[in-house]
Amino acid sequence: MTSLELWGGCECTVNRVGDRYFDQTIRTGRETRPGDLQRFAALGMKAFRLPVLWERVSPDHADEYDFAWSDRQLDELRDVGMRPIVGLIHHGSGPRYTSLIDDSFAPGLAAHARAMAERYPWVDAWTPVNEPLTTARFSCLYGHWYPHAHDDPSYIRALLNQIDATRLAMAEIRRVNPGARLVQTEDLGFVHSTWTLKDQARFENERRWLTWDLLEGRVDADHPMYPWLAFHGFEDRVKAIADDPCPADVIGVNHYLTSERFIDERTHRYPGIEPGGNGRERYVDVEAVRVVREGPLGLAALLGQAWMRYARTLAVTEVHNGCTRDEQMRWFHEAWRACERLRGEGIEVEAVTAWSLLGAYDWTSLLTREAGEYECGVYDLRGDEPRPTGMVPLLRALANGEDTTLHRAALAAPGWWRRPQVRYRFEPVSATHPHGVSPDPLVETHDASPILIAGRGALARAFARHCRYRGLPYVVVDVEKPVDTTAFDRMLDAIAPSAIIDASEHGLAVDSAAGLRVLSVARHAPGRLHTPLEAGFCHDDEHGFVTRVLEALAEERPFTLCDEALVTPVYRPDLVDAALDLLIDGAEGRWRLAGPDRLTWAGFARRLAQVAGHDPALVRAAPPGAFALHAETNEHAWDGYIPLPPLDSAIPRLLGERAAARARARPGLRYAAE
């Protein structure tokens, strides 16, 4: 068996909502930016999932093709030595002249596939349709994407159309290249449940296999899903598929923390979650990791199930976690080690795919609106050029079989999904596992030197709190006044930190700390990573501006504030998380971390009043010149800028944190909504 390969891919969805198309290739800059593929190849990737999507190549007429972009990309892939895995539909419904539930969808995609194969006959790996079952659910069961249906017949028709499209497309491709491989991707999750909902869980856990089972020709009268398909009138179509199967050469498993679900009829236990149902029972559907005491099954267990079912080559075709940098690194590292372990047991896992290399936009709304919410990937797009994050050296080390000791600080603890003290959003419960499976106990930790946090104020406490929550080893040194060099050197020798966060008022003398990375907030010095704190606010700053304003508003006391100089309020948790990410990434220089809102102190207080439901008129403007103005300046050149969430996002989270803190302080309330 060859070595485990690193594959890559960029989020490339082209989905339709109403009459609008959302194209991630355009939004992430992949459409026009040169050099991306050389950047990815340098990580040691052997293959790349490249979208040559129907909606992009033939948007207006089926017989008109625009090959310009795909020509450049495929030529460049050959130049850099990465094999392409070409995708033709990625969560899409096709161009405007068809749809997932239209009879023209399958033959139309087959014609597109034939044109692609004739133009690129050397390409030997294809994914005609990415995640057919998931796309059918989102489009025709939940109605998020076009054609926005909400019924089982439309859902089944959309699924079968995509399966037929895959079969017909591969037939056309293999007429040109008989050795072409089908890499069939799907989100392989698992539904956990209470005992009451065990039948619904069993149904969904059988349904999750339908993409691969249909292509294998396994869905016949003896298949557990056949009665459901037959009830809705699809017997003939299912029989036609079974008579002419198109098995996947590679079972591509896409793996996310949200893939495993928990359903519970006790809806009162889940405040803020809108219940759904199956027509008989009403229940909530939440991430299993947030409530199931035993935890999710995990990737290793799911891959083991797929191997037992199909005995075909497996690949993890998407691994991504939209979280802090250390958690992104842990998620991928855990997936890689799980696959290495399975290979050691004789299971054929070919590759692990670093997905969302450039991040993604607006998946927080399931691509239903264009809000500009960016989720960082292996590279960070919030700058002039894609900036390498801490994921880059980790991927390079794994791909080349190198030691990951360099990343011990980020990998010191298991991911948050394995830490009971942080993963629960609701009161934990035990789940019924209808198939007798048990959660994967895989946990891997590392020894690591701590991060030294120097300071005694709110900022130092915030860094300590976030390091603790993120599982980063740290030690806090209470600094009241400047520390002399000799004393500081002795402290370094005793602690042996991996990095230093200078959150002290006076700043530390760290010139002698050769080889240590320093994140400075109080002052800028050459060789440091510097992230100035502007108008910072936080929910637990006892004597801070926000606390004083909200207390006055709650008591309906009018008060006066400066309404002249502009400031940029920054929610301290957002700043601290972004600064820690930069520290892990190895960033250098002076970075501005700020949101888009610039307003006066009085304007900020009025915004707080509006969101908190108080009277903004209680905030009065001081007479001109009443306050000494200390407006923010941009006198220093910035080496980088990380946009933080706007106040419309930060203030509700701040109010939620305040409410949760008060609830935790009351006896008997252990699990408050976050």
# chains A, B, ... in the order shown; residues from 1 in each chain; ligands from 1
call {"tool": "residues_around", "arguments": {"residues": "range 187-196 of chain A", "least_positions_apart": "4", "cutoff": "9 Å", "atoms": "only C-alpha atoms", "output": "PyMOL selection string"}}
result
chain A and resi 131+133-134+200-202+204-205+208-209+252-256+258-265+288+292+296-297+302-303+306+318+429-434
call {"tool": "select_by_dssp", "arguments": {"residues": "range 338-506 of chain A", "states": "alpha helix (DSSP H)", "output": "NGL selection string"}}
result
:A and (338-344 or 391-399 or 420-423 or 458-470 or 485-495)
call {"tool": "select_by_dssp", "arguments": {"residues": "range 579-663 of chain A", "states": "strand (DSSP E)", "output": "JSON, numbers by chain"}}
result
{"A": [589, 590, 591, 592, 593, 594, 619, 620, 621, 640, 641, 642, 643]}
call {"tool": "write_last_selection", "arguments": {"atoms": "all heavy atoms", "output": "short mmCIF file (atom, residue, chain, number, x, y, z; two decimals), in the first residue's frame"}}
result
data_model
loop_
_atom_site.label_atom_id
_atom_site.label_comp_id
_atom_site.auth_asym_id
_atom_site.auth_seq_id
_atom_site.Cartn_x
_atom_site.Cartn_y
_atom_site.Cartn_z
N GLY A 589 5.07 41.55 12.62
CA GLY A 589 4.79 42.93 12.30
C GLY A 589 3.62 43.51 13.07
O GLY A 589 3.20 42.98 14.10
N ARG A 590 3.10 44.60 12.56
CA ARG A 590 2.05 45.37 13.23
C ARG A 590 0.73 45.10 12.52
O ARG A 590 0.56 45.45 11.35
CB ARG A 590 2.41 46.86 13.21
CG ARG A 590 1.43 47.76 13.93
CD ARG A 590 1.91 49.21 13.86
NE ARG A 590 0.90 50.12 14.36
CZ ARG A 590 0.74 50.45 15.65
NH1 ARG A 590 1.55 49.89 16.54
NH2 ARG A 590 -0.19 51.29 16.03
N TRP A 591 -0.22 44.52 13.25
CA TRP A 591 -1.50 44.12 12.67
C TRP A 591 -2.63 44.91 13.31
O TRP A 591 -2.70 45.04 14.54
CB TRP A 591 -1.75 42.63 12.89
CG TRP A 591 -0.89 41.78 12.01
CD1 TRP A 591 0.45 41.54 12.15
CD2 TRP A 591 -1.30 41.09 10.84
NE1 TRP A 591 0.90 40.74 11.14
CE2 TRP A 591 -0.16 40.44 10.32
CE3 TRP A 591 -2.51 40.93 10.18
CZ2 TRP A 591 -0.21 39.65 9.17
CZ3 TRP A 591 -2.56 40.15 9.05
CH2 TRP A 591 -1.42 39.53 8.55
N ARG A 592 -3.52 45.39 12.48
CA ARG A 592 -4.70 46.08 12.99
C ARG A 592 -5.86 45.10 13.03
O ARG A 592 -6.23 44.50 12.01
CB ARG A 592 -5.06 47.27 12.10
CG ARG A 592 -6.24 48.08 12.65
CD ARG A 592 -6.38 49.41 11.91
NE ARG A 592 -7.42 50.21 12.53
CZ ARG A 592 -8.67 50.33 12.08
NH1 ARG A 592 -9.03 49.69 10.97
NH2 ARG A 592 -9.56 51.07 12.70
N LEU A 593 -6.42 44.91 14.22
CA LEU A 593 -7.57 44.03 14.40
C LEU A 593 -8.74 44.92 14.80
O LEU A 593 -8.77 45.46 15.92
CB LEU A 593 -7.30 42.99 15.48
CG LEU A 593 -6.00 42.19 15.37
CD1 LEU A 593 -5.90 41.17 16.49
CD2 LEU A 593 -5.91 41.50 14.02
N ALA A 594 -9.67 45.11 13.92
CA ALA A 594 -10.77 46.05 14.20
C ALA A 594 -11.97 45.71 13.34
O ALA A 594 -11.85 45.13 12.26
CB ALA A 594 -10.33 47.49 13.93
N VAL A 619 -28.88 58.63 26.47
CA VAL A 619 -27.49 58.99 26.16
C VAL A 619 -27.48 60.39 25.57
O VAL A 619 -28.03 60.63 24.50
CB VAL A 619 -26.85 57.99 25.18
CG1 VAL A 619 -25.38 58.34 24.95
CG2 VAL A 619 -27.00 56.56 25.67
N ARG A 620 -26.85 61.30 26.29
CA ARG A 620 -26.84 62.70 25.88
C ARG A 620 -25.45 63.11 25.44
O ARG A 620 -24.45 62.62 25.98
CB ARG A 620 -27.32 63.59 27.03
CG ARG A 620 -28.76 63.26 27.44
CD ARG A 620 -29.19 64.02 28.66
NE ARG A 620 -30.57 63.67 29.03
CZ ARG A 620 -31.18 64.13 30.11
NH1 ARG A 620 -30.55 64.95 30.95
NH2 ARG A 620 -32.43 63.77 30.38
N ALA A 621 -25.41 64.00 24.47
CA ALA A 621 -24.13 64.47 23.94
C ALA A 621 -23.58 65.59 24.81
O ALA A 621 -24.30 66.51 25.19
CB ALA A 621 -24.31 64.95 22.51
N GLY A 640 -0.62 44.26 8.29
CA GLY A 640 -1.78 43.46 7.96
C GLY A 640 -3.00 43.95 8.69
O GLY A 640 -2.91 44.71 9.67
N TYR A 641 -4.15 43.56 8.20
CA TYR A 641 -5.42 43.96 8.80
C TYR A 641 -6.34 42.76 8.85
O TYR A 641 -6.54 42.08 7.84
CB TYR A 641 -6.06 45.10 8.00
CG TYR A 641 -7.50 45.38 8.35
CD1 TYR A 641 -7.87 45.72 9.65
CD2 TYR A 641 -8.49 45.32 7.37
CE1 TYR A 641 -9.19 45.98 9.98
CE2 TYR A 641 -9.82 45.58 7.69
CZ TYR A 641 -10.16 45.91 8.99
OH TYR A 641 -11.47 46.16 9.32
N ILE A 642 -6.87 42.46 10.03
CA ILE A 642 -7.85 41.40 10.18
C ILE A 642 -9.17 42.04 10.58
O ILE A 642 -9.29 42.60 11.67
CB ILE A 642 -7.44 40.38 11.28
CG1 ILE A 642 -6.11 39.72 10.92
CG2 ILE A 642 -8.53 39.33 11.47
CD1 ILE A 642 -6.16 38.83 9.70
N PRO A 643 -10.16 42.03 9.70
CA PRO A 643 -11.46 42.62 10.06
C PRO A 643 -12.17 41.75 11.09
O PRO A 643 -12.33 40.55 10.89
CB PRO A 643 -12.22 42.67 8.74
CG PRO A 643 -11.59 41.62 7.89
CD PRO A 643 -10.15 41.53 8.32
#
call {"tool": "atom_distance", "arguments": {"atom1": "CA of Val521 in chain A", "atom2": "CA of Asp585 in chain A"}}
result
17.0 Å
call {"tool": "atom_distance", "arguments": {"atom1": "CA of Trp122 in chain A", "atom2": "CA of Pro107 in chain A"}}
result
22.9 Å
